[in-house]
$ cat upload38.cif   # mmCIF, C-alpha atoms and all ligand atoms
data_model
loop_
_atom_site.group_PDB
_atom_site.id
_atom_site.type_symbol
_atom_site.label_atom_id
_atom_site.label_comp_id
_atom_site.auth_asym_id
_atom_site.auth_seq_id
_atom_site.Cartn_x
_atom_site.Cartn_y
_atom_site.Cartn_z
ATOM 1 C CA MET K 182 0.000 0.000 0.000
ATOM 2 C CA ASN K 183 2.813 2.393 0.969
ATOM 3 C CA GLN K 184 4.730 1.507 -2.207
ATOM 4 C CA GLN K 185 1.608 1.877 -4.358
ATOM 5 C CA VAL K 186 1.041 5.402 -3.061
ATOM 6 C CA ILE K 187 4.721 6.266 -3.614
ATOM 7 C CA ASP K 188 4.701 4.931 -7.196
ATOM 8 C CA GLU K 189 1.485 6.762 -8.056
ATOM 9 C CA PHE K 190 2.777 9.969 -6.456
ATOM 10 C CA ARG K 191 5.990 9.894 -8.493
ATOM 11 C CA ALA K 192 4.224 8.945 -11.728
ATOM 12 C CA ASN K 193 1.543 11.654 -11.415
ATOM 13 C CA GLY K 194 3.431 14.767 -10.380
ATOM 14 C CA GLY K 195 2.693 14.322 -6.676
ATOM 15 C CA ARG K 196 -1.016 13.545 -6.996
ATOM 16 C CA VAL K 197 -2.590 10.363 -5.603
ATOM 17 C CA GLY K 198 -6.180 9.218 -6.194
ATOM 18 C CA GLY K 199 -8.545 6.956 -4.267
ATOM 19 C CA MET K 200 -8.674 7.656 -0.536
ATOM 20 C CA PHE K 201 -5.948 10.323 -0.959
ATOM 21 C CA GLU K 202 -7.786 12.246 -3.693
ATOM 22 C CA GLY K 203 -7.242 15.954 -3.055
ATOM 23 C CA VAL K 204 -5.138 15.349 0.091
ATOM 24 C CA PRO K 205 -1.892 17.381 0.074
ATOM 25 C CA LEU K 206 0.835 14.732 0.331
ATOM 26 C CA VAL K 207 4.607 14.834 0.376
ATOM 27 C CA LEU K 208 7.027 11.939 0.384
ATOM 28 C CA LEU K 209 9.532 11.983 3.222
ATOM 29 C CA THR K 210 12.738 9.988 2.894
ATOM 30 C CA THR K 211 14.301 9.522 6.318
ATOM 31 C CA THR K 212 17.234 7.443 7.528
ATOM 32 C CA GLY K 213 16.138 4.451 9.613
ATOM 33 C CA ALA K 214 17.050 5.113 13.254
ATOM 34 C CA ARG K 215 17.970 1.461 13.810
ATOM 35 C CA THR K 216 18.848 0.189 10.321
ATOM 36 C CA GLY K 217 20.501 3.222 8.694
ATOM 37 C CA ARG K 218 18.483 2.362 5.561
ATOM 38 C CA LEU K 219 16.501 5.003 3.740
ATOM 39 C CA ARG K 220 12.746 4.860 4.252
ATOM 40 C CA THR K 221 10.190 6.720 2.149
ATOM 41 C CA ASN K 222 6.718 7.464 3.508
ATOM 42 C CA PRO K 223 3.844 9.670 2.376
ATOM 43 C CA ALA K 224 2.682 12.326 4.864
ATOM 44 C CA VAL K 225 0.035 15.043 4.846
ATOM 45 C CA TYR K 226 1.541 18.527 4.771
ATOM 46 C CA ALA K 227 0.558 22.187 4.997
ATOM 47 C CA ARG K 228 2.553 25.204 3.859
ATOM 48 C CA ASP K 229 3.717 27.713 6.443
ATOM 49 C CA GLY K 230 5.618 30.474 4.662
ATOM 50 C CA ASP K 231 8.883 29.040 3.348
ATOM 51 C CA ARG K 232 8.579 25.874 5.339
ATOM 52 C CA LEU K 233 6.270 22.850 5.335
ATOM 53 C CA VAL K 234 4.614 21.337 8.364
ATOM 54 C CA VAL K 235 3.785 17.628 8.508
ATOM 55 C CA PHE K 236 1.608 15.715 10.947
ATOM 56 C CA ALA K 237 2.694 12.382 12.471
ATOM 57 C CA SER K 238 -0.926 11.272 12.852
ATOM 58 C CA ASN K 239 -0.459 7.624 11.864
ATOM 59 C CA ALA K 240 -4.239 7.849 11.183
ATOM 60 C CA GLY K 241 -4.833 8.119 14.936
ATOM 61 C CA GLY K 242 -2.959 4.867 15.693
ATOM 62 C CA PRO K 243 -1.465 4.278 19.162
ATOM 63 C CA ARG K 244 2.158 4.787 18.053
ATOM 64 C CA HIS K 245 4.061 7.517 16.267
ATOM 65 C CA PRO K 246 4.888 6.588 12.679
ATOM 66 C CA GLY K 247 8.389 5.215 12.053
ATOM 67 C CA TRP K 248 9.406 8.302 10.058
ATOM 68 C CA TYR K 249 8.881 10.467 13.151
ATOM 69 C CA HIS K 250 11.299 8.342 15.203
ATOM 70 C CA ASN K 251 13.746 8.430 12.299
ATOM 71 C CA LEU K 252 13.777 12.219 12.065
ATOM 72 C CA LEU K 253 14.278 12.567 15.817
ATOM 73 C CA ALA K 254 17.447 10.485 15.398
ATOM 74 C CA ASP K 255 18.550 12.290 12.212
ATOM 75 C CA PRO K 256 16.697 15.491 11.307
ATOM 76 C CA ARG K 257 18.147 15.670 7.776
ATOM 77 C CA LEU K 258 15.680 14.286 5.280
ATOM 78 C CA THR K 259 14.565 14.557 1.689
ATOM 79 C CA VAL K 260 11.154 15.842 0.627
ATOM 80 C CA GLU K 261 9.386 15.120 -2.660
ATOM 81 C CA ILE K 262 6.521 17.426 -3.520
ATOM 82 C CA GLY K 263 4.341 18.042 -6.593
ATOM 83 C CA THR K 264 4.884 21.340 -8.431
ATOM 84 C CA ASP K 265 2.292 23.505 -10.189
ATOM 85 C CA ASP K 266 3.577 22.360 -13.576
ATOM 86 C CA GLY K 267 3.098 18.658 -12.792
ATOM 87 C CA ARG K 268 6.645 17.676 -11.823
ATOM 88 C CA VAL K 269 7.901 16.186 -8.588
ATOM 89 C CA GLU K 270 10.518 18.400 -6.957
ATOM 90 C CA ARG K 271 12.950 16.810 -4.525
ATOM 91 C CA TYR K 272 14.953 18.781 -1.998
ATOM 92 C CA ALA K 273 16.739 18.466 1.317
ATOM 93 C CA VAL K 274 15.232 19.791 4.559
ATOM 94 C CA THR K 275 15.964 19.870 8.251
ATOM 95 C CA ALA K 276 13.154 18.743 10.557
ATOM 96 C CA ARG K 277 12.210 20.623 13.716
ATOM 97 C CA PRO K 278 9.386 19.192 15.878
ATOM 98 C CA LEU K 279 7.055 21.930 17.124
ATOM 99 C CA HIS K 280 5.986 22.160 20.753
ATOM 100 C CA GLY K 281 3.471 23.923 22.981
ATOM 101 C CA PRO K 282 1.281 26.676 21.545
ATOM 102 C CA GLU K 283 3.076 26.608 18.177
ATOM 103 C CA ARG K 284 2.319 22.897 17.751
ATOM 104 C CA ASP K 285 -1.261 23.344 18.976
ATOM 105 C CA ARG K 286 -1.935 26.222 16.587
ATOM 106 C CA HIS K 287 -0.722 24.255 13.563
ATOM 107 C CA TYR K 288 -2.660 21.157 14.597
ATOM 108 C CA ALA K 289 -5.860 23.191 15.119
ATOM 109 C CA GLU K 290 -5.421 24.777 11.681
ATOM 110 C CA GLN K 291 -5.022 21.322 10.166
ATOM 111 C CA CYS K 292 -8.206 20.106 11.908
ATOM 112 C CA ALA K 293 -10.053 23.086 10.417
ATOM 113 C CA ARG K 294 -8.747 22.160 6.941
ATOM 114 C CA ASP K 295 -9.389 18.435 7.390
ATOM 115 C CA PRO K 296 -11.692 17.216 10.215
ATOM 116 C CA ALA K 297 -10.164 13.718 9.990
ATOM 117 C CA PHE K 298 -7.260 15.124 12.013
ATOM 118 C CA ALA K 299 -9.580 16.007 14.904
ATOM 119 C CA ALA K 300 -10.793 12.391 14.861
ATOM 120 C CA TYR K 301 -7.190 11.103 14.783
ATOM 121 C CA GLN K 302 -6.306 13.140 17.884
ATOM 122 C CA ALA K 303 -9.520 12.102 19.651
ATOM 123 C CA GLY K 304 -8.729 8.430 18.971
ATOM 124 C CA THR K 305 -5.309 8.331 20.649
ATOM 125 C CA THR K 306 -3.783 9.289 23.979
ATOM 126 C CA ARG K 307 -0.525 10.439 22.401
ATOM 127 C CA ILE K 308 -0.145 14.055 21.322
ATOM 128 C CA ILE K 309 0.156 13.869 17.547
ATOM 129 C CA PRO K 310 3.495 15.458 16.671
ATOM 130 C CA VAL K 311 3.711 18.356 14.239
ATOM 131 C CA VAL K 312 7.054 18.839 12.518
ATOM 132 C CA ALA K 313 8.328 21.847 10.581
ATOM 133 C CA LEU K 314 10.562 21.126 7.584
ATOM 134 C CA HIS K 315 13.059 23.865 6.777
ATOM 135 C CA ARG K 316 14.942 24.246 3.508
ATOM 136 C CA PRO K 317 18.545 25.244 4.097
ATOM 137 C CA ASP K 318 19.190 28.964 3.895
ATOM 138 C CA LEU K 319 22.010 29.014 1.367
ATOM 139 C CA THR K 320 22.241 32.803 1.517
ATOM 140 C CA ASP K 321 23.751 32.346 4.987
ATOM 141 C CA PRO K 322 27.528 31.819 4.537
ATOM 142 C CA GLU K 323 27.771 30.009 7.898
ATOM 143 C CA ARG K 324 25.113 27.525 6.757
ATOM 144 C CA THR K 325 26.732 26.817 3.379
ATOM 145 C CA LYS K 326 30.105 26.447 5.103
ATOM 146 C CA ALA K 327 28.599 23.892 7.503
ATOM 147 C CA ILE K 328 27.138 21.965 4.522
ATOM 148 C CA GLY K 329 30.530 21.987 2.774
ATOM 149 C CA GLU K 330 32.295 20.750 5.908
ATOM 150 C CA PHE K 331 29.674 18.044 6.393
ATOM 151 C CA LEU K 332 30.136 16.860 2.798
ATOM 152 C CA LEU K 333 33.899 16.617 3.327
ATOM 153 C CA ARG K 334 33.433 14.713 6.575
ATOM 154 C CA VAL K 335 31.061 12.164 5.001
ATOM 155 C CA HIS K 336 33.433 11.675 2.058
ATOM 156 C CA GLY K 337 36.253 11.034 4.520
ATOM 157 C CA GLU K 338 34.181 8.442 6.389
ATOM 158 C CA LEU K 339 33.084 6.703 3.176
ATOM 159 C CA ARG K 340 36.654 6.643 1.815
ATOM 160 C CA GLN K 341 37.913 5.114 5.067
ATOM 161 C CA GLU K 342 35.066 2.606 5.199
ATOM 162 C CA LEU K 343 35.630 1.419 1.635
ATOM 163 C CA ALA K 344 39.414 1.120 2.159
ATOM 164 C CA THR K 345 38.809 -1.055 5.259
ATOM 165 C CA LEU K 346 36.272 -3.144 3.379
ATOM 166 C CA LEU K 347 38.715 -3.756 0.516
ATOM 167 C CA GLU K 348 41.388 -4.846 3.001
ATOM 168 C CA GLU K 349 38.937 -7.263 4.609
ATOM 169 C CA VAL K 350 37.911 -8.762 1.266
ATOM 170 C CA ASP K 351 41.595 -9.115 0.307
ATOM 171 C CA ALA K 352 42.309 -10.862 3.610
ATOM 172 C CA HIS K 353 39.312 -13.136 3.084
ATOM 173 C CA VAL K 354 40.499 -14.143 -0.394
ATOM 174 C CA ALA K 355 44.037 -14.763 0.877
ATOM 175 C CA ALA K 356 42.978 -16.710 4.004
ATOM 176 C CA PRO K 357 43.741 -20.464 4.028
ATOM 177 C CA GLY K 358 40.564 -22.477 3.583
ATOM 178 C CA SER K 359 38.689 -19.642 1.901
ATOM 179 C CA ALA K 360 37.099 -20.188 -1.476
ATOM 180 C CA GLY K 361 40.003 -18.118 -2.763
ATOM 181 C CA PRO K 362 40.073 -16.578 -6.171
ATOM 182 C CA GLY K 363 37.762 -18.336 -8.552
ATOM 183 C CA ARG K 364 34.297 -19.792 -8.367
ATOM 184 C CA ALA K 365 32.652 -21.342 -5.362
ATOM 185 C CA ALA K 366 32.251 -25.087 -5.612
ATOM 186 C CA PRO K 367 28.914 -26.011 -7.208
ATOM 187 C CA GLY K 368 26.300 -26.961 -4.637
ATOM 188 C CA ARG K 369 28.472 -25.616 -1.824
ATOM 189 C CA ALA K 370 26.346 -25.510 1.332
ATOM 190 C CA ALA K 371 28.241 -22.948 3.416
ATOM 191 C CA PRO K 372 28.267 -19.234 2.596
ATOM 192 C CA VAL K 373 31.309 -18.187 0.603
ATOM 193 C CA LEU K 374 31.425 -14.862 2.386
ATOM 194 C CA GLY K 375 31.303 -14.631 6.198
ATOM 195 C CA SER K 376 28.248 -12.887 7.590
ATOM 196 C CA ARG K 377 30.333 -10.177 9.285
ATOM 197 C CA LEU K 378 32.063 -9.264 6.044
ATOM 198 C CA ALA K 379 28.774 -9.422 4.110
ATOM 199 C CA THR K 380 27.083 -7.146 6.655
ATOM 200 C CA HIS K 381 29.964 -4.695 6.471
ATOM 201 C CA CYS K 382 29.725 -4.651 2.675
ATOM 202 C CA LEU K 383 25.944 -4.136 2.663
ATOM 203 C CA SER K 384 26.078 -1.427 5.321
ATOM 204 C CA PHE K 385 28.679 0.444 3.250
ATOM 205 C CA CYS K 386 26.359 0.187 0.215
ATOM 206 C CA THR K 387 23.476 1.553 2.337
ATOM 207 C CA ALA K 388 25.564 4.465 3.625
ATOM 208 C CA LEU K 389 26.763 5.377 0.131
ATOM 209 C CA HIS K 390 23.257 5.163 -1.315
ATOM 210 C CA GLY K 391 21.998 7.345 1.551
ATOM 211 C CA HIS K 392 24.706 9.958 0.970
ATOM 212 C CA HIS K 393 23.926 10.219 -2.743
ATOM 213 C CA THR K 394 20.150 10.349 -2.191
ATOM 214 C CA ASN K 395 20.629 13.184 0.314
ATOM 215 C CA GLU K 396 22.934 14.962 -2.100
ATOM 216 C CA ASP K 397 20.473 14.667 -4.982
ATOM 217 C CA GLY K 398 17.976 16.440 -2.710
ATOM 218 C CA ALA K 399 20.473 19.093 -1.612
ATOM 219 C CA PHE K 400 21.531 19.797 -5.227
ATOM 220 C CA THR K 401 18.105 21.370 -5.945
ATOM 221 C CA ASP K 402 18.930 24.279 -3.630
ATOM 222 C CA PHE K 403 22.607 24.410 -4.652
ATOM 223 C CA GLU K 404 21.498 24.977 -8.265
ATOM 224 C CA ARG K 405 19.252 27.843 -7.209
ATOM 225 C CA ARG K 406 21.852 29.499 -5.065
ATOM 226 C CA PHE K 407 24.795 28.932 -7.425
ATOM 227 C CA PRO K 408 23.378 28.736 -10.999
ATOM 228 C CA GLU K 409 26.911 28.626 -12.411
ATOM 229 C CA LEU K 410 27.280 25.159 -10.842
ATOM 230 C CA ALA K 411 24.377 23.663 -12.858
ATOM 231 C CA PRO K 412 26.564 21.813 -15.435
ATOM 232 C CA ALA K 413 28.775 20.325 -12.693
ATOM 233 C CA ILE K 414 25.700 19.280 -10.719
ATOM 234 C CA ALA K 415 24.137 17.643 -13.802
ATOM 235 C CA HIS K 416 27.402 15.686 -14.208
ATOM 236 C CA LEU K 417 27.338 14.653 -10.521
ATOM 237 C CA ARG K 418 23.722 13.496 -10.762
ATOM 238 C CA ARG K 419 24.620 11.265 -13.740
ATOM 239 C CA GLU K 420 27.518 9.813 -11.764
ATOM 240 C CA HIS K 421 25.188 9.113 -8.815
ATOM 241 C CA THR K 422 22.982 7.065 -11.163
ATOM 242 C CA ALA K 423 26.002 5.125 -12.465
ATOM 243 C CA VAL K 424 27.313 4.484 -8.924
ATOM 244 C CA ALA K 425 23.835 3.318 -7.853
ATOM 245 C CA ARG K 426 23.892 0.692 -10.636
ATOM 246 C CA THR K 427 27.314 -0.577 -9.497
ATOM 247 C CA VAL K 428 26.170 -0.663 -5.869
ATOM 248 C CA THR K 429 23.027 -2.637 -6.783
ATOM 249 C CA GLY K 430 25.270 -5.160 -8.587
ATOM 250 C CA ILE K 431 27.545 -5.468 -5.532
ATOM 251 C CA GLU K 432 24.576 -5.973 -3.204
ATOM 252 C CA SER K 433 23.198 -8.766 -5.361
ATOM 253 C CA LEU K 434 26.651 -10.407 -5.573
ATOM 254 C CA VAL K 435 26.989 -10.297 -1.762
ATOM 255 C CA ARG K 436 23.578 -11.938 -1.419
ATOM 256 C CA LYS K 437 24.618 -14.730 -3.810
ATOM 257 C CA LEU K 438 27.826 -15.251 -1.822
ATOM 258 C CA THR K 439 25.935 -15.553 1.463
ATOM 259 C CA ALA K 440 22.899 -17.558 0.332
ATOM 260 C CA PRO K 441 22.499 -20.968 2.063
ATOM 261 C CA ALA K 442 23.632 -22.712 -1.127
ATOM 262 C CA ALA K 443 26.118 -20.009 -1.986
ATOM 263 C CA THR K 444 27.100 -19.310 -5.536
ATOM 264 C CA GLY K 445 29.196 -16.515 -6.944
ATOM 265 C CA ASP K 446 32.735 -15.383 -7.021
ATOM 266 C CA VAL K 447 34.585 -13.554 -4.234
ATOM 267 C CA GLU K 448 37.244 -12.464 -6.714
ATOM 268 C CA LYS K 449 34.509 -10.770 -8.754
ATOM 269 C CA LEU K 450 33.375 -8.962 -5.605
ATOM 270 C CA ARG K 451 36.932 -7.795 -5.011
ATOM 271 C CA ILE K 452 37.181 -6.483 -8.587
ATOM 272 C CA GLU K 453 33.793 -4.737 -8.361
ATOM 273 C CA LEU K 454 34.713 -3.076 -5.054
ATOM 274 C CA GLY K 455 38.085 -2.008 -6.462
ATOM 275 C CA SER K 456 36.433 -0.445 -9.482
ATOM 276 C CA LEU K 457 33.816 1.239 -7.262
ATOM 277 C CA ALA K 458 36.640 2.668 -5.144
ATOM 278 C CA ALA K 459 38.317 4.165 -8.239
ATOM 279 C CA ASP K 460 35.050 5.616 -9.612
ATOM 280 C CA LEU K 461 34.091 6.957 -6.214
ATOM 281 C CA GLU K 462 37.440 8.624 -5.625
ATOM 282 C CA ALA K 463 37.100 10.405 -8.981
ATOM 283 C CA HIS K 464 33.514 11.364 -8.111
ATOM 284 C CA PHE K 465 34.375 12.692 -4.638
ATOM 285 C CA ALA K 466 37.371 14.612 -6.007
ATOM 286 C CA TYR K 467 35.256 16.234 -8.752
ATOM 287 C CA GLU K 468 32.490 17.081 -6.289
ATOM 288 C CA GLU K 469 34.939 18.610 -3.827
ATOM 289 C CA LYS K 470 36.737 20.582 -6.544
ATOM 290 C CA ARG K 471 33.541 21.973 -8.107
ATOM 291 C CA LEU K 472 31.217 22.459 -5.112
ATOM 292 C CA LEU K 473 33.429 23.199 -2.130
ATOM 293 C CA PRO K 474 34.779 26.595 -3.242
ATOM 294 C CA ALA K 475 31.204 27.915 -3.504
ATOM 295 C CA LEU K 476 30.008 26.245 -0.284
ATOM 296 C CA LEU K 477 33.032 27.209 1.777
ATOM 297 C CA GLY K 478 32.972 30.750 0.371
ATOM 298 C CA ARG K 479 36.385 30.529 -1.266
ATOM 299 C CA ALA K 480 37.242 31.683 -4.767
ATOM 300 C CA ASP K 481 37.743 28.768 -7.219
HETATM 301 FE FE FE H 501 28.069 12.832 -4.900
HETATM 302 FE FE FE H 502 29.292 13.428 -2.014
#
$ encode --input "upload38.cif" --output "structure tokens"
Amino acid sequence: MNQQVIDEFRANGGRVGGMFEGVPLVLLTTTGARTGRLRTNPAVYARDGDRLVVFASNAGGPRHPGWYHNLLADPRLTVEIGTDDGRVERYAVTARPLHGPERDRHYAEQCARDPAFAAYQAGTTRIIPVVALHRPDLTDPERTKAIGEFLLRVHGELRQELATLLEEVDAHVAAPGSAGPGRAAPGRAAPVLGSRLATHCLSFCTALHGHHTNEDGAFTDFERRFPELAPAIAHLRREHTAVARTVTGIESLVRKLTAPAATGDVEKLRIELGSLAADLEAHFAYEEKRLLPALLGRAD
């Protein structure tokens, strides 16, 4: 049901029919508080000046929706919203839960717009959270500097993580008794790749995918603030798509190597990770060279 709504939303410029006909919806992509995986959920929104407010009603259910817990753990998320000309715009926001009279005023206004929200609140003992979603103010040099520094920090972490992962895969291939270079024996019952190494590999893929999804959202505002960066950003978006294809291939290879009757080739995994590392280094270097001078407020 969730996926159906998401697919219809994206295919129809942010509009969804059936029970959501005429309901103002956004898609929120948050980072799972426990899993680190990206999660996309529809939510009802209202506009409040430059920001959006969303309501964690969970249709009056007894618990807050998962996306609310996720944004408490990490307030950086991506919004998708329909535009007047029938497109879906995607951009990065920072979430700030509202409290006290400010929360109450926004919830009361929402009840006036849509009485279902009064019924949701009446049906639960929890106070339904209201969250404001702020677009970054890229006219503030301190804010853009913080974004630039954050980007550098994440690149550093991802570089380090991938280097460690490559060392671990190398050690696995070289270890006595491992499947070694070449194919796993046909019908082999044990996983070819240890579960710790597989988990490490998949969590790296998740982190990289999350970073690029967040960036794709952030690029919308970068382009507005720094129009001269548009060609570089178009190039970076294409590279994100290419990296996503490689990462999907690596994830499926890891699953084959850890299936109960494992098949696949650890050497192939090593080659794929090595080629990802080279592509990613070039991507990070280009991104840092083209975006950082503008974000950090330095001349190119
Ligand atoms: Fe990137
Ligand atoms: Fe990046």
$ resolve_selection --input "upload38.cif" --expression "the PyMOL selection byres (((chain K and resi 236-247) around 10) and not hetatm)" --output "MDAnalysis selection string"
chainID K and resid 211 213:214 220 222 224:227 234:235 248:252 278 284 287:288 291 297:313
$ residues_around --input "upload38.cif" --residues "Val428 of chain K" --least-positions-apart "3" --cutoff "10 Å" --atoms "all atoms listed in the file" --output "PDB file with C-alpha atoms, in the frame of the given file"
ATOM      1  CA  LEU K 383      25.944  -4.136   2.663  1.00  0.00           C
ATOM      2  CA  PHE K 385      28.679   0.444   3.250  1.00  0.00           C
ATOM      3  CA  CYS K 386      26.359   0.187   0.215  1.00  0.00           C
ATOM      4  CA  THR K 387      23.476   1.553   2.337  1.00  0.00           C
ATOM      5  CA  LEU K 389      26.763   5.377   0.131  1.00  0.00           C
ATOM      6  CA  HIS K 390      23.257   5.163  -1.315  1.00  0.00           C
ATOM      7  CA  THR K 422      22.982   7.065 -11.163  1.00  0.00           C
ATOM      8  CA  ALA K 423      26.002   5.125 -12.465  1.00  0.00           C
ATOM      9  CA  VAL K 424      27.313   4.484  -8.924  1.00  0.00           C
ATOM     10  CA  ALA K 425      23.835   3.318  -7.853  1.00  0.00           C
ATOM     11  CA  ILE K 431      27.545  -5.468  -5.532  1.00  0.00           C
ATOM     12  CA  GLU K 432      24.576  -5.973  -3.204  1.00  0.00           C
ATOM     13  CA  SER K 433      23.198  -8.766  -5.361  1.00  0.00           C
ATOM     14  CA  LEU K 434      26.651 -10.407  -5.573  1.00  0.00           C
ATOM     15  CA  GLU K 453      33.793  -4.737  -8.361  1.00  0.00           C
ATOM     16  CA  LEU K 454      34.713  -3.076  -5.054  1.00  0.00           C
ATOM     17  CA  LEU K 457      33.816   1.239  -7.262  1.00  0.00           C
TER      18      LEU K 457
END
$ closest_residue --input "upload38.cif" --among "K:Thr212, K:Gln184, K:Thr394, K:Thr221" --to "ligand FE 501 (chain H)" --atoms "all atoms listed in the file"
K:Thr394
$ residues_near_ligand --input "upload38.cif" --ligand "ligand FE 502 (chain H)" --cutoff "8 Å" --atoms "all atoms listed in the file" --output "ChimeraX atom specification"
/K:332-333,335-336,392-393,396,464-465,468-469
$ resolve_selection --input "upload38.cif" --expression "the PyMOL selection byres (((chain K and resi 395) around 12) and not hetatm)" --output "VMD selection string"
chain K and resid 209 to 212 219 256 to 261 271 to 275 328 331 to 332 335 388 to 394 396 to 402 418 421
$ atom_distance --input "upload38.cif" --atom1 "atom CA of Glu189 of chain K" --atom2 "atom CA of Arg232 of chain K"
24.4 Å
$ resolve_selection --input "upload38.cif" --expression "the PyMOL selection byres (((chain K and resi 199) around 12) and not hetatm)" --output "JSON list (two decimals) with C-alpha atoms, in the frame of the given file"
[["chain", "number", "residue", "atom", "x", "y", "z"],
["K", 182, "MET", "CA", 0.00, 0.00, 0.00],
["K", 185, "GLN", "CA", 1.61, 1.88, -4.36],
["K", 186, "VAL", "CA", 1.04, 5.40, -3.06],
["K", 189, "GLU", "CA", 1.48, 6.76, -8.06],
["K", 190, "PHE", "CA", 2.78, 9.97, -6.46],
["K", 196, "ARG", "CA", -1.02, 13.54, -7.00],
["K", 197, "VAL", "CA", -2.59, 10.36, -5.60],
["K", 198, "GLY", "CA", -6.18, 9.22, -6.19],
["K", 200, "MET", "CA", -8.67, 7.66, -0.54],
["K", 201, "PHE", "CA", -5.95, 10.32, -0.96],
["K", 202, "GLU", "CA", -7.79, 12.25, -3.69],
["K", 203, "GLY", "CA", -7.24, 15.95, -3.06],
["K", 204, "VAL", "CA", -5.14, 15.35, 0.09]]
$ closest_residue --input "upload38.cif" --among "K:Asp318, K:Glu283, K:Leu374, K:Asn193" --to "Ala443 of chain K" --atoms "only C-alpha atoms"
K:Leu374
$ closest_residue --input "upload38.cif" --among "K:Gly478, K:His416, K:Arg286, K:Thr439" --to "ligand FE 501 (chain H)" --atoms "all atoms listed in the file"
K:His416
$ closest_residue --input "upload38.cif" --among "K:Glu448, K:Asp265, K:Asp255, K:Glu348" --to "Gly195 of chain K" --atoms "only C-alpha atoms"
K:Asp265
$ closest_residue --input "upload38.cif" --among "K:His315, K:Arg451, K:Arg218, K:Arg419" --to "ligand FE 501 (chain H)" --atoms "all atoms listed in the file"
K:Arg419
$ closest_residue --input "upload38.cif" --among "K:Val373, K:Ala344, K:Leu461, K:Ala442" --to "ligand FE 501 (chain H)" --atoms "only C-alpha atoms and all ligand atoms"
K:Leu461
$ atom_distance --input "upload38.cif" --atom1 "atom CA of Tyr467 of chain K" --atom2 "atom CA of Ala415 of chain K"
12.3 Å
$ residues_around --input "upload38.cif" --residues "Arg471 of chain K" --least-positions-apart "6" --cutoff "12 Å" --atoms "only C-alpha atoms" --output "list in words"
Gly329, Phe403, Phe407, Glu409, Leu410, Ala411, Pro412, Ala413, Ile414, Ala415, His416, Leu417, His464, Phe465, Leu477, Arg479, Ala480 and Asp481 of chain K
$ atom_distance --input "upload38.cif" --atom1 "atom CA of Arg340 of chain K" --atom2 "atom CA of Glu462 of chain K"
7.7 Å
$ axis_aligned_box --input "upload38.cif" --around "segment 183-200 of chain K" --padding-each-side "5 Å" --output "AutoDock Vina command-line options"
--center_x -1.3 --center_y 8.1 --center_z -5.4 --size_x 24.7 --size_y 23.3 --size_z 22.7
$ residues_around --input "upload38.cif" --residues "Pro223 of chain K" --least-positions-apart "5" --cutoff "7 Å" --atoms "all atoms listed in the file" --output "PyMOL selection string"
chain K and resi 187+206-209
